[in-house]
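Undergrad: Please find entry-v8.cif (mmCIF, C-alpha atoms (C1' of nucleotides)) on the next line:
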data_my_file
loop_
_atom_site.label_atom_id
_atom_site.label_comp_id
_atom_site.auth_asym_id
_atom_site.auth_seq_id
_atom_site.Cartn_x
_atom_site.Cartn_y
_atom_site.Cartn_z
CA MET A 23 110.39 165.48 174.99
CA ASP A 24 111.49 161.89 174.94
CA ARG A 25 110.91 161.32 178.63
CA THR A 26 107.52 162.99 178.34
CA TYR A 27 106.23 160.57 175.70
CA LYS A 28 107.69 157.64 177.64
CA ALA A 29 105.86 158.86 180.72
CA LEU A 30 102.60 159.03 178.80
CA SER A 31 102.99 155.53 177.42
CA ASP A 32 101.86 153.81 180.62
CA PRO A 33 98.12 153.50 181.36
CA SER A 34 98.54 153.89 185.12
CA ARG A 35 100.39 157.13 184.60
CA ARG A 36 97.74 158.45 182.24
CA GLU A 37 95.15 157.54 184.87
CA ILE A 38 97.13 159.54 187.45
CA LEU A 39 97.04 162.55 185.13
CA ARG A 40 93.30 162.09 184.71
CA LEU A 41 92.85 162.12 188.49
CA LEU A 42 94.98 165.23 188.84
CA ARG A 43 92.97 166.97 186.16
CA GLU A 44 90.09 167.11 188.65
CA GLU A 45 92.04 168.24 191.71
CA ASP A 46 95.45 168.22 193.34
CA LEU A 47 96.06 165.07 195.38
CA THR A 48 98.58 163.72 197.85
CA ALA A 49 100.63 160.64 196.95
CA GLY A 50 98.51 158.57 199.32
CA GLU A 51 95.23 159.71 197.81
CA ILE A 52 96.56 158.79 194.39
CA ALA A 53 97.88 155.43 195.57
CA ARG A 54 94.47 154.51 196.97
CA HIS A 55 93.05 154.58 193.44
CA PHE A 56 95.30 151.73 192.37
CA PRO A 57 95.43 148.04 193.29
CA THR A 58 99.22 148.01 193.13
CA SER A 59 101.66 148.76 195.94
CA TRP A 60 102.32 152.32 197.12
CA ALA A 61 105.92 151.89 196.05
CA SER A 62 104.82 151.15 192.50
CA VAL A 63 102.59 154.22 192.38
CA SER A 64 105.42 156.27 193.86
CA HIS A 65 107.63 155.05 191.03
CA HIS A 66 105.07 156.22 188.48
CA LEU A 67 104.85 159.59 190.20
CA GLY A 68 108.62 159.86 189.94
CA VAL A 69 108.51 159.16 186.22
CA LEU A 70 105.80 161.78 185.72
CA LYS A 71 107.76 164.28 187.77
CA ASP A 72 110.96 163.61 185.81
CA ALA A 73 109.00 164.22 182.64
CA GLY A 74 107.76 167.51 184.04
CA LEU A 75 104.14 166.45 183.70
CA VAL A 76 103.38 166.84 187.38
CA ILE A 77 104.65 169.04 190.19
CA ALA A 78 105.29 167.74 193.70
CA GLU A 79 105.17 169.95 196.75
CA ARG A 80 105.62 168.87 200.32
CA GLU A 81 102.83 169.96 202.63
CA GLY A 82 103.93 168.95 206.07
CA GLN A 83 103.59 165.21 206.33
CA TYR A 84 102.14 164.89 202.87
CA ILE A 85 103.37 165.47 199.35
CA ARG A 86 100.82 167.09 197.11
CA TYR A 87 100.86 166.47 193.38
CA SER A 88 99.41 168.70 190.70
CA LEU A 89 99.31 168.74 186.91
CA ASN A 90 101.85 170.86 185.06
CA ALA A 91 99.60 172.35 182.42
CA THR A 92 102.52 174.03 180.66
CA VAL A 93 104.33 170.80 179.82
CA LEU A 94 101.10 169.09 178.84
CA GLN A 95 100.52 171.98 176.48
CA GLU A 96 103.99 171.50 175.02
CA VAL A 97 103.33 167.82 174.28
CA LEU A 98 100.08 168.74 172.65
CA GLN A 99 101.83 171.24 170.44
CA HIS A 100 104.53 168.71 169.56
CA LEU A 101 101.95 166.10 168.63
CA LEU A 102 100.04 168.70 166.69
CA ASP A 103 103.17 169.44 164.66
CA LEU A 104 103.55 165.74 163.99
CA ALA A 105 99.98 165.52 162.78
CA SER A 106 99.77 168.69 160.73
CA MET B 21 94.92 153.73 172.70
CA ASP B 22 97.54 151.97 174.77
CA ARG B 23 99.47 150.65 171.80
CA THR B 24 99.29 154.04 170.15
CA TYR B 25 101.00 155.85 173.02
CA LYS B 26 103.59 153.07 173.27
CA ALA B 27 104.29 153.49 169.57
CA LEU B 28 104.78 157.21 170.00
CA SER B 29 107.19 156.76 172.89
CA ASP B 30 110.17 155.88 170.70
CA PRO B 31 112.14 158.66 169.01
CA SER B 32 112.89 156.63 165.87
CA ARG B 33 109.21 155.98 165.40
CA ARG B 34 108.35 159.63 165.86
CA GLU B 35 111.01 160.44 163.27
CA ILE B 36 109.38 157.99 160.86
CA LEU B 37 106.07 159.78 161.34
CA ARG B 38 107.79 163.08 160.68
CA LEU B 39 109.22 161.71 157.41
CA LEU B 40 105.82 160.40 156.36
CA ARG B 41 104.22 163.74 157.07
CA GLU B 42 106.10 165.09 154.05
CA GLU B 43 105.37 162.25 151.65
CA ASP B 44 104.57 158.58 151.43
CA LEU B 45 107.71 156.42 151.41
CA THR B 46 108.70 152.82 150.84
CA ALA B 47 110.21 150.82 153.70
CA GLY B 48 113.61 151.07 152.06
CA GLU B 49 113.46 154.83 151.67
CA ILE B 50 112.56 155.09 155.34
CA ALA B 51 115.31 152.69 156.39
CA ARG B 52 117.91 154.76 154.54
CA HIS B 53 117.23 157.63 156.94
CA PHE B 54 118.44 155.61 159.91
CA PRO B 55 121.83 154.25 160.90
CA THR B 56 120.29 151.06 162.29
CA SER B 57 119.62 147.83 160.42
CA TRP B 58 116.69 147.46 158.03
CA ALA B 59 115.32 144.79 160.35
CA SER B 60 115.20 147.25 163.20
CA VAL B 61 113.40 149.86 161.10
CA SER B 62 111.03 147.17 159.87
CA HIS B 63 110.27 146.35 163.49
CA HIS B 64 109.42 149.99 164.18
CA LEU B 65 107.19 150.10 161.12
CA GLY B 66 105.39 147.04 162.42
CA VAL B 67 104.78 148.72 165.78
CA LEU B 68 103.46 151.85 164.06
CA LYS B 69 101.21 149.73 161.84
CA ASP B 70 99.86 147.76 164.82
CA ALA B 71 99.07 151.06 166.49
CA GLY B 72 97.21 152.18 163.40
CA LEU B 73 99.44 155.21 163.00
CA VAL B 74 100.63 154.22 159.54
CA ILE B 75 99.18 152.30 156.62
CA ALA B 76 101.21 149.84 154.55
CA GLU B 77 100.38 149.02 150.97
CA ARG B 78 102.31 146.76 148.67
CA GLU B 79 103.24 148.32 145.36
CA GLY B 80 104.79 145.57 143.37
CA GLN B 81 108.22 144.92 144.76
CA TYR B 82 107.93 147.72 147.31
CA ILE B 83 105.78 148.41 150.34
CA ARG B 84 104.64 151.97 150.59
CA TYR B 85 103.94 153.54 153.96
CA SER B 86 101.70 156.51 154.67
CA LEU B 87 100.44 158.35 157.73
CA ASN B 88 97.03 157.50 159.08
CA ALA B 89 95.76 160.98 159.80
CA THR B 90 92.58 159.67 161.43
CA VAL B 91 94.35 157.80 164.21
CA LEU B 92 96.79 160.66 164.76
CA GLN B 93 93.76 162.89 165.17
CA GLU B 94 92.32 160.49 167.73
CA VAL B 95 95.48 160.58 169.84
CA LEU B 96 95.45 164.35 169.68
CA GLN B 97 91.88 164.41 170.92
CA HIS B 98 92.70 161.95 173.69
CA LEU B 99 95.64 164.02 174.84
CA LEU B 100 93.52 167.14 174.59
CA ASP B 101 90.97 165.55 176.94
CA LEU B 102 93.79 164.74 179.34
CA ALA B 103 94.97 168.31 179.26
CA SER B 104 91.66 170.11 179.38
"C1'" DG C 19 112.66 128.89 136.11
"C1'" DG C 20 116.58 131.40 138.51
"C1'" DA C 21 119.15 135.39 140.02
"C1'" DA C 22 118.49 139.89 142.09
"C1'" DT C 23 116.10 143.23 144.92
"C1'" DA C 24 112.80 144.62 148.77
"C1'" DA C 25 111.09 143.69 153.05
"C1'" DT C 26 109.82 140.89 156.98
"C1'" DT C 27 110.44 137.10 160.33
"C1'" DA C 28 113.17 134.27 163.58
"C1'" DG C 29 116.20 133.73 167.11
"C1'" DA C 30 119.56 135.71 170.26
"C1'" DT C 31 121.24 139.32 173.44
"C1'" DG C 32 121.63 143.29 176.44
"C1'" DT C 33 118.76 147.03 178.41
"C1'" DT C 34 114.85 149.11 180.26
"C1'" DT C 35 110.71 148.81 182.84
"C1'" DA C 36 106.92 147.62 186.18
"C1'" DT C 37 106.25 145.46 190.14
"C1'" DC C 38 107.08 143.45 194.70
"C1'" DT C 39 108.90 143.40 199.57
"C1'" DT C 40 111.70 145.50 202.83
"C1'" DA C 41 114.28 149.40 204.51
"C1'" DA C 42 115.02 154.28 205.03
"C1'" DT C 43 113.62 159.22 205.47
"C1'" DA C 44 110.57 162.99 206.78
"C1'" DT C 45 107.02 164.87 209.44
"C1'" DC C 46 103.62 165.14 213.07
"C1'" DT C 47 101.77 164.37 217.74
"C1'" DA C 48 101.60 162.90 222.40
"C1'" DT D 16 112.18 162.17 222.25
"C1'" DA D 17 109.35 157.99 220.86
"C1'" DG D 18 105.86 156.19 218.17
"C1'" DA D 19 102.86 156.66 214.23
"C1'" DT D 20 101.90 157.97 209.54
"C1'" DA D 21 103.27 159.34 204.72
"C1'" DT D 22 106.30 158.68 201.15
"C1'" DT D 23 110.30 157.29 198.72
"C1'" DA D 24 114.56 154.45 197.96
"C1'" DA D 25 116.94 149.90 197.47
"C1'" DG D 26 117.34 145.54 195.86
"C1'" DA D 27 115.35 141.64 193.37
"C1'" DT D 28 112.71 139.56 189.54
"C1'" DA D 29 110.08 138.75 185.45
"C1'" DA D 30 108.36 140.78 181.28
"C1'" DA D 31 108.83 143.92 177.45
"C1'" DC D 32 111.77 146.16 174.16
"C1'" DA D 33 115.40 147.63 170.68
"C1'" DT D 34 118.78 145.88 168.19
"C1'" DC D 35 121.71 142.63 165.63
"C1'" DT D 36 122.66 138.79 162.12
"C1'" DA D 37 120.88 135.24 159.40
"C1'" DA D 38 117.05 133.07 157.18
"C1'" DT D 39 112.66 133.52 154.70
"C1'" DT D 40 109.05 135.41 151.70
"C1'" DA D 41 107.46 138.23 147.81
"C1'" DT D 42 108.22 140.33 143.56
"C1'" DT D 43 110.60 141.63 139.31
"C1'" DC D 44 113.39 140.89 135.25
"C1'" DC D 45 116.32 138.19 132.25
#
Once more with this new file: its structure as structure tokens, please.
TA:
Amino acid sequence: MDRTYKALSDPSRREILRLLREEDLTAGEIARHFPTSWASVSHHLGVLKDAGLVIAEREGQYIRYSLNATVLQEVLQHLLDLAS
Amino acid sequence: MDRTYKALSDPSRREILRLLREEDLTAGEIARHFPTSWASVSHHLGVLKDAGLVIAEREGQYIRYSLNATVLQEVLQHLLDLAS
DNA sequence: GGAATAATTAGATGTTTATCTTAATATCTA
DNA sequence: TAGATATTAAGATAAACATCTAATTATTCC
């Protein structure tokens, strides 16, 4: 759970999650939404993946990212417990 | 919202919130729950206060901390939006 | 007023983190 | 197989962070 909250604590990473809420995207499509380098975005994607918040699947030349709704649900529940 | 997520990303701070969920506590009572120095706990309390997650009120010699349910509710809603 | 208690602030230190540039890996296409 | 594109990994750097000890502020009680 620790890595999950850490992952959520960066605005760029939360923006990535917001993008993925709409539709699955390749790393390149995600990177194009940010002014920073592709390497930096790739780093954020790695953090999100480590935290289980996103799922990465290679599709030929591309790597497609999608939200992991299950883990997001778990964080929500955890935060709900904290708030109740 | 940024400072709020940052505040939540530390396990000691989440533990403080958990303690405060049960009852309001003075800084010293909180500090006694941790193996680290009082200064370190005081730092965490400052971060939580900056984030609006807790409220500090002096009571004579002591400073009493309590959860700010409103802000916790706001984070929950924000995370809910992210997950929906 | 002065000692004692509660809590924070200041200053220092080692670690983690976000970012960059450059290099490496994987895949596709001609 | 060679070149092109997509993505990540490596190495470097500056900023942020958690923690410590020591000093400071605020309050109480004698």
Undergrad: Can you move chain B onto chain A by a least-squares fit over all C-alpha atoms paired in order, then give me the moved copy as a short mmCIF file (atom, residue, chain, number, x, y, z; two decimals) with C-alpha atoms, keeping the file's coordinate frame?
TA:
data_model
loop_
_atom_site.label_atom_id
_atom_site.label_comp_id
_atom_site.auth_asym_id
_atom_site.auth_seq_id
_atom_site.Cartn_x
_atom_site.Cartn_y
_atom_site.Cartn_z
CA MET B 21 110.37 165.47 174.93
CA ASP B 22 111.52 161.87 174.91
CA ARG B 23 110.92 161.32 178.61
CA THR B 24 107.54 162.98 178.33
CA TYR B 25 106.25 160.57 175.69
CA LYS B 26 107.69 157.63 177.64
CA ALA B 27 105.85 158.85 180.71
CA LEU B 28 102.60 159.04 178.79
CA SER B 29 102.97 155.53 177.43
CA ASP B 30 101.84 153.81 180.62
CA PRO B 31 98.12 153.52 181.37
CA SER B 32 98.54 153.90 185.14
CA ARG B 33 100.40 157.13 184.61
CA ARG B 34 97.76 158.45 182.25
CA GLU B 35 95.16 157.56 184.88
CA ILE B 36 97.13 159.55 187.46
CA LEU B 37 97.06 162.55 185.14
CA ARG B 38 93.33 162.10 184.72
CA LEU B 39 92.87 162.11 188.51
CA LEU B 40 95.00 165.23 188.86
CA ARG B 41 93.00 166.99 186.19
CA GLU B 42 90.11 167.09 188.67
CA GLU B 43 92.05 168.22 191.72
CA ASP B 44 95.45 168.21 193.34
CA LEU B 45 96.05 165.07 195.40
CA THR B 46 98.57 163.70 197.87
CA ALA B 47 100.62 160.64 196.95
CA GLY B 48 98.52 158.55 199.30
CA GLU B 49 95.23 159.67 197.83
CA ILE B 50 96.56 158.78 194.39
CA ALA B 51 97.87 155.41 195.56
CA ARG B 52 94.46 154.50 196.98
CA HIS B 53 93.05 154.59 193.45
CA PHE B 54 95.27 151.72 192.35
CA PRO B 55 95.42 148.06 193.29
CA THR B 56 99.22 148.03 193.12
CA SER B 57 101.65 148.78 195.93
CA TRP B 58 102.35 152.33 197.10
CA ALA B 59 105.94 151.84 195.98
CA SER B 60 104.81 151.14 192.46
CA VAL B 61 102.59 154.23 192.37
CA SER B 62 105.44 156.25 193.85
CA HIS B 63 107.62 155.03 191.00
CA HIS B 64 105.06 156.22 188.47
CA LEU B 65 104.85 159.59 190.19
CA GLY B 66 108.62 159.86 189.95
CA VAL B 67 108.51 159.17 186.20
CA LEU B 68 105.79 161.79 185.73
CA LYS B 69 107.77 164.30 187.79
CA ASP B 70 110.97 163.63 185.81
CA ALA B 71 108.99 164.24 182.64
CA GLY B 72 107.76 167.52 184.04
CA LEU B 73 104.15 166.46 183.70
CA VAL B 74 103.40 166.84 187.40
CA ILE B 75 104.67 169.04 190.21
CA ALA B 76 105.30 167.73 193.72
CA GLU B 77 105.16 169.94 196.77
CA ARG B 78 105.59 168.88 200.35
CA GLU B 79 102.80 169.97 202.65
CA GLY B 80 103.90 168.98 206.07
CA GLN B 81 103.55 165.25 206.37
CA TYR B 82 102.10 164.91 202.88
CA ILE B 83 103.34 165.48 199.36
CA ARG B 84 100.82 167.11 197.12
CA TYR B 85 100.85 166.48 193.39
CA SER B 86 99.42 168.71 190.69
CA LEU B 87 99.34 168.75 186.90
CA ASN B 88 101.86 170.86 185.06
CA ALA B 89 99.61 172.36 182.43
CA THR B 90 102.52 174.04 180.65
CA VAL B 91 104.33 170.81 179.82
CA LEU B 92 101.09 169.09 178.85
CA GLN B 93 100.51 171.98 176.47
CA GLU B 94 103.98 171.49 175.01
CA VAL B 95 103.34 167.81 174.28
CA LEU B 96 100.06 168.73 172.65
CA GLN B 97 101.83 171.22 170.42
CA HIS B 98 104.52 168.69 169.56
CA LEU B 99 101.95 166.08 168.63
CA LEU B 100 100.03 168.69 166.68
CA ASP B 101 103.17 169.43 164.65
CA LEU B 102 103.53 165.72 163.98
CA ALA B 103 99.98 165.52 162.78
CA SER B 104 99.78 168.69 160.75
#
Undergrad: Please measure the separation of CA of Arg23 in chain B and CA of Ala71 in chain B, giving the value in Å to one decimal.
TA: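 Distance reported for this atom pair: 5.3 Å.
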Undergrad: Could you list the residues chosen by the PyMOL selection byres ((chain A) within 8 of (chain B)) in this structure as a list in words?
TA: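 So the PyMOL selection byres ((chain A) within 8 of (chain B)) ends up selecting Asp24, Tyr27, Lys28, Leu30, Ser31, Asp32, Pro33, Arg36, Leu39, Arg40, Arg43, Ala91, Leu94, Gln95, Leu98, Leu101, Leu102, Leu104, Ala105 and Ser106 of chain A.
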Undergrad: May I have a table of the residues of chain B lying at most 12 Å from chain D, giving each one's closest pair of atoms and their distance in Å to one decimal, counting all atoms listed in the file, ordered by chain and ascending residue number, as CSV?
TA:
residue,atom,partner,partner_atom,distance
B:Lys26,CA,D:DC32,C1',10.7
B:Ala27,CA,D:DC32,C1',11.4
B:Ser29,CA,D:DC32,C1',11.6
B:Asp30,CA,D:DA33,C1',9.8
B:Pro31,CA,D:DA33,C1',11.6
B:Ser32,CA,D:DA33,C1',10.5
B:Arg33,CA,D:DA33,C1',11.7
B:Pro55,CA,D:DT34,C1',11.5
B:Thr56,CA,D:DT34,C1',8.0
B:Ser57,CA,D:DC35,C1',7.7
B:Trp58,CA,D:DC35,C1',10.3
B:Ala59,CA,D:DC35,C1',8.6
B:Ser60,CA,D:DT34,C1',6.3
B:Val61,CA,D:DT34,C1',9.7
B:Ser62,CA,D:DT34,C1',11.4
B:His63,CA,D:DA33,C1',8.9
B:His64,CA,D:DA33,C1',9.1
B:Val67,CA,D:DC32,C1',11.2
B:Arg78,CA,D:DA41,C1',10.0
B:Glu79,CA,D:DT42,C1',9.6
B:Gly80,CA,D:DT42,C1',6.3
B:Gln81,CA,D:DT42,C1',4.7
B:Tyr82,CA,D:DT42,C1',8.3
B:Ile83,CA,D:DA41,C1',10.6
Undergrad: Return as a list of chain:residue names the residues belonging to chain C that are within 12 Å of chain B, counting only C-alpha atoms (C1' of nucleotides).
TA: C:DA22, C:DT23, C:DA24, C:DA25, C:DT26, C:DT27, C:DA28
